[in-house]
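For reference, the structure is listed below as structure tokens.
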Amino acid sequence: MRALLPAWTDWKPALRSPGADLLSGLIVALVALPLALGFGISSGLGAAAGLATAVIAGAAAAVFGGSRFQVSGPTGAMTVVLVPIFHRHGGSGVLAVGLMAGLVLVVLAVAGVGRAVRYMPAPVIEGFTAGIAVVIALQQFPSALGIGDAEGEKVWQIAADAVRRYLSQPHHAVLLTALGVAAIMLIGGRYFPKLPFALLAVAAATALARGFHLDLPRIGALPSGLPAPTLGFVALDRLGSLIAPALAVAALAALESLLSATAADSMAVGTRHNPDRELFGQGLANIAAPLFGGVPATGAIARTAVNVRSGARTRLAALTHAGILAAIIYLAAPLVAEVPLAALAGVLLATTVRMVETASLSAIARASKADAAIMAVTFVVTVALDLVTAVAVGVAIAVLLALRAVAKEARLQQIPLEPPVEDTEHLAEEHRLLHDHVVAYRLDGPLFFAAAHRFLLELAEVSDVHVIILRMSHVTALDTTGALVLKDAVTKLEHRHITVLMSGLRPDHQRRLAAIGALPAGGPAHLFDHTPDAIARARELAPTLSRSTT
């Protein structure tokens, strides 16, 4: 538990030089504000629920989470899961599901499940990150084009509908505002990276819109405060029906948060998050947010990317973002209500350009065709469907290709007939034994389900042999499928009156073969620790077997 709790070292760098983190937190808060409002409304609980989530969950995850760059709050992926829960169980059901999901995340953190993300293949992470960048960009099309009622089930469908409506009735001022903010951020950030161009561009766009009385969609009226904390939504008699939705929410929160933290690590230099602590922080965030009327939260890749690219150095930036959102709710709601949505869309468009690391993408694409395919498929599925499906598909393809590569390493090698020219001391003896119809095979590599059947086919073709020695010392792995296939091979050989001897079996492999009856029929008398002993036994058996066959 001590490893999951905050440490003083998390905050020492922030206290020494807080300027960059405070500025980044301000920028992220401006970007997060309309997202929190929109996702709160989309979930069915209203704008206040989205703001409560951004403030409460954002602060809790910043303090207790495992990534110093992660910014948490309501997300689009979570909203998709919450909508059917809201329709079936109502607002109180959503709050209860969030609380239960938080408890599940804490249990997962204590159990050390978060460390599994370290085994995520690099092509999947890069493809996911690039796909998310495109998804975030597509999400900005309605705001950047001034289309407030674009329709579609998927992000790309909504973006396409927004483009179609814009072309039928263009609103150039909105588009120019978004492109202008994005251009200022990208060009200014390239030459003067330490200046807060995102904040300056948003302020300038707001001033111009008000000064020239431009008819631009704005953030609009904000709630006047956060709901008071309460436990009144928890109905004990309904908890049983909410277990399955809570597990689904917990799984999505864990996956999205860990992937977001991993993507943040790839965008920053020399950083690595603590996955178990990240789950712990997200768990506490989801326990706290429903108490204030908030919806379930996750690490948000869009806001996290803005945080990294705005110069954040420590978790103070994410905490500042939550604090500024709270201050906006109580102190500056009228001022922020005037910010054009197109300006915030421009901030996110510029952020997506910065998210894509072309050097990493090119390096992976050049590394191998398999890695390039994994990355491309993950990217396409992320854009076309959703990030959870994309990660599942990408990891599945990576696992299959890895198994294929490992299976190719497995070999059944017959001892060559030529005189020995190098290292193995048993080759000469085995060469002479061939005249006595004795042959030795060496099994190299893993003998498992992806490769084992090739051994059965090769062994089944052996002919004109009385004794086969299977040298097992180079078998690196043996699963049940491999053991069963080997059993079939041994049984068929012995049915043809071919004696099978084994040498060099590891104790764990011998136990597995014995458990399923895959050892030679001769039992311990046909098992040898060393190949020379097996060869000696084969020489004893060969003449007798030869006479009996004749």
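As shown in the structure tokens, the chain order sets the letters A, B, ...; within each chain, residues go from 1, and ligands are also counted from 1 in the order they appear.
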**OP:** For A:Arg218, please output as number ranges by chain all residues within 6 Å (counting only C-alpha atoms; exclusion window: fewer than 5 positions along the same chain).
**Re:** A: 338-341
Kindly save the residues from that selection, with C-alpha atoms included, as a PDB file, in the first residue's frame.
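The resulting file, result.pdb, is shown below:
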```
ATOM      1  CA  GLU A 338     -17.867  34.261 -23.920  1.00  0.00           C
ATOM      2  CA  VAL A 339     -15.020  32.063 -25.200  1.00  0.00           C
ATOM      3  CA  PRO A 340     -15.802  30.870 -28.769  1.00  0.00           C
ATOM      4  CA  LEU A 341     -16.034  27.112 -29.161  1.00  0.00           C
TER       5      LEU A 341
END
```
**OP:** Please provide as an NGL selection string all residues within 7 Å of stretch 346-357 of chain A, with the sequence filter that same-chain residues fewer than 6 positions apart are discarded (counting only C-alpha atoms).
**Re:** :A and (130 or 133-134 or 136-137 or 178-179 or 181-182 or 185-186 or 198 or 267 or 305-306)
Subject >> Closest of A:Asp10, A:Glu540, A:Asp386, A:Glu494 to A:Val80 - atom-to-atom distances counting only C-alpha atoms >> reply: A:Asp386
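In this structure, atom CA of A:Ala489 sits 9.1 Å away from atom CA of A:Ala518.
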Original post:
Tell me, which residues of stretch 214-379 of chain A carry DSSP alpha helix (DSSP H), written as JSON, numbers by chain?
Top reply: {"A": [243, 244, 245, 246, 247, 248, 249, 250, 251, 252, 253, 254, 255, 256, 257, 258, 259, 260, 261, 262, 263, 264, 265, 266, 267, 275, 276, 277, 278, 279, 280, 281, 282, 283, 284, 285, 286, 287, 288, 289, 290, 291, 301, 302, 303, 304, 305, 306, 307, 308, 309, 316, 317, 318, 319, 320, 321, 322, 323, 324, 325, 326, 327, 328, 329, 330, 333, 334, 335, 336, 341, 342, 343, 344, 345, 346, 347, 348, 349, 350, 351, 352, 353, 354, 355, 358, 359, 360, 361, 362, 363, 364, 365, 366, 367, 369, 370, 371, 372, 373, 374, 375, 376, 377, 378, 379]}
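As for atom CA of A:Ala101 and atom CA of A:Gly294, they are spaced 13.1 Å apart.
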Subject >> A:Pro74 environment, 9 Å, only C-alpha atoms, sequence neighbours closer than 2 positions dropped, as an MDAnalysis selection string >> reply: chainID A and resid 35:36 39:40 50:51 53:54 57 72 76:79 294:300
**OP:** Compile the contact shell of stretch 161-167 of chain A as a PyMOL selection string: residues with an atom at most 6 Å away, counting only C-alpha atoms, same-chain residues fewer than 3 positions apart removed.
**Re:** chain A and resi 142+147+150+158+170
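A straight line drawn from atom CA of A:Thr314 to atom CA of A:Ala60 is 14.8 Å long.
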**OP:** Output as a ChimeraX atom specification all residues of stretch 280-486 of chain A that backbone DSSP marks as strand (DSSP E or B).
**Re:** /A:298-299,340,411-414,438-447,467-471,475-478
What does the file look like for those residues with C-alpha atoms, as a PDB file, in the first residue's frame?
```
ATOM      1  CA  THR A 298     -10.946   8.149 -16.666  1.00  0.00           C
ATOM      2  CA  GLY A 299      -7.621   9.530 -17.724  1.00  0.00           C
ATOM      3  CA  PRO A 340     -15.802  30.870 -28.769  1.00  0.00           C
ATOM      4  CA  ARG A 411      12.713 -27.478 -34.855  1.00  0.00           C
ATOM      5  CA  LEU A 412      13.024 -31.257 -34.976  1.00  0.00           C
ATOM      6  CA  GLN A 413      16.575 -31.854 -36.132  1.00  0.00           C
ATOM      7  CA  GLN A 414      17.857 -35.246 -37.181  1.00  0.00           C
ATOM      8  CA  VAL A 438      19.238 -46.170 -34.513  1.00  0.00           C
ATOM      9  CA  VAL A 439      18.576 -42.491 -35.125  1.00  0.00           C
ATOM     10  CA  ALA A 440      18.590 -39.472 -32.823  1.00  0.00           C
ATOM     11  CA  TYR A 441      16.446 -36.378 -33.057  1.00  0.00           C
ATOM     12  CA  ARG A 442      17.025 -33.197 -31.133  1.00  0.00           C
ATOM     13  CA  LEU A 443      13.979 -31.097 -30.295  1.00  0.00           C
ATOM     14  CA  ASP A 444      14.870 -27.389 -30.187  1.00  0.00           C
ATOM     15  CA  GLY A 445      12.758 -24.508 -28.928  1.00  0.00           C
ATOM     16  CA  PRO A 446       9.196 -24.460 -27.575  1.00  0.00           C
ATOM     17  CA  LEU A 447       6.956 -27.479 -28.031  1.00  0.00           C
ATOM     18  CA  VAL A 467      15.292 -47.167 -31.987  1.00  0.00           C
ATOM     19  CA  ILE A 468      14.665 -43.419 -31.830  1.00  0.00           C
ATOM     20  CA  ILE A 469      16.404 -41.244 -29.281  1.00  0.00           C
ATOM     21  CA  LEU A 470      14.581 -37.979 -28.563  1.00  0.00           C
ATOM     22  CA  ARG A 471      17.007 -35.481 -27.096  1.00  0.00           C
ATOM     23  CA  VAL A 475      13.048 -27.924 -25.321  1.00  0.00           C
ATOM     24  CA  THR A 476      12.476 -24.472 -23.836  1.00  0.00           C
ATOM     25  CA  ALA A 477       8.736 -24.748 -23.174  1.00  0.00           C
ATOM     26  CA  LEU A 478       6.175 -27.537 -23.182  1.00  0.00           C
TER      27      LEU A 478
END
```
Subject >> Long-range neighbours of A:Leu335 as a list in words, 12 Å cut-off, only C-alpha atoms, 3 positions minimum in chain >> reply: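 The residues satisfying every condition are Leu30, Ala203, Thr206, Ala207, Arg210, Arg218, Ile219, Gly220, Ala221, Leu222, Ala327, Ile328, Ile329, Tyr330, Leu331, Ala332, Glu338, Val339 and Pro340 of chain A.
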Okay, now the selection with N, CA and C atoms, as a compact mmCIF listing (two decimals), in the first residue's frame?
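Dumped everything to part21.txt:
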```
# COMPACT_ATOMS: atom_id res chain seq x y z
N LEU A 30 -9.09 25.48 -19.66
CA LEU A 30 -9.91 26.09 -20.71
C LEU A 30 -10.34 25.07 -21.75
N ALA A 203 -7.49 33.98 -25.90
CA ALA A 203 -7.86 35.33 -25.43
C ALA A 203 -8.05 36.27 -26.61
N THR A 206 -11.31 35.49 -28.41
CA THR A 206 -12.46 35.96 -27.63
C THR A 206 -12.62 37.47 -27.76
N ALA A 207 -11.50 38.20 -27.68
CA ALA A 207 -11.55 39.67 -27.80
C ALA A 207 -12.03 40.09 -29.18
N ARG A 210 -15.81 39.50 -29.61
CA ARG A 210 -16.62 40.48 -28.91
C ARG A 210 -16.47 41.86 -29.55
N ARG A 218 -20.57 30.15 -28.61
CA ARG A 218 -19.73 30.29 -27.43
C ARG A 218 -20.03 29.19 -26.42
N ILE A 219 -19.19 29.11 -25.37
CA ILE A 219 -19.40 28.10 -24.34
C ILE A 219 -20.77 28.27 -23.69
N GLY A 220 -21.17 29.49 -23.41
CA GLY A 220 -22.49 29.75 -22.87
C GLY A 220 -22.54 29.69 -21.35
N ALA A 221 -23.74 29.79 -20.80
CA ALA A 221 -23.94 29.87 -19.35
C ALA A 221 -23.43 28.62 -18.65
N LEU A 222 -22.81 28.82 -17.49
CA LEU A 222 -22.26 27.72 -16.70
C LEU A 222 -23.07 27.56 -15.41
N ALA A 327 -12.66 27.33 -9.66
CA ALA A 327 -12.71 28.80 -9.56
C ALA A 327 -13.59 29.40 -10.66
N ILE A 328 -13.51 28.81 -11.85
CA ILE A 328 -14.34 29.31 -12.95
C ILE A 328 -15.82 29.16 -12.61
N ILE A 329 -16.17 28.03 -12.02
CA ILE A 329 -17.57 27.77 -11.70
C ILE A 329 -18.10 28.84 -10.75
N TYR A 330 -17.28 29.21 -9.75
CA TYR A 330 -17.76 30.12 -8.71
C TYR A 330 -17.46 31.60 -8.99
N LEU A 331 -16.38 31.87 -9.76
CA LEU A 331 -15.93 33.26 -9.86
C LEU A 331 -15.97 33.85 -11.26
N ALA A 332 -15.70 33.03 -12.28
CA ALA A 332 -15.50 33.61 -13.61
C ALA A 332 -16.41 33.01 -14.66
N GLU A 338 -18.04 33.53 -22.65
CA GLU A 338 -17.87 34.26 -23.92
C GLU A 338 -16.81 33.64 -24.83
N VAL A 339 -16.08 32.66 -24.37
CA VAL A 339 -15.02 32.06 -25.20
C VAL A 339 -15.65 31.30 -26.37
N PRO A 340 -15.24 31.59 -27.61
CA PRO A 340 -15.80 30.87 -28.77
C PRO A 340 -15.40 29.39 -28.75
```
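Of the residues under consideration (A:Ala228, A:Ala538, A:Ala318, A:Val124), A:Val124 shows the shortest atom-to-atom contact distance to A:Ile364 when counting only C-alpha atoms.
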Original post:
Which polymer residues have any atom within 9 Å of an atom of A:Leu316, counting only C-alpha atoms, with same-chain residues fewer than 5 positions away left out, as an MDAnalysis selection string?
Top reply: chainID A and resid 11 14:15 18 21:22 25 62:63 68:69 321
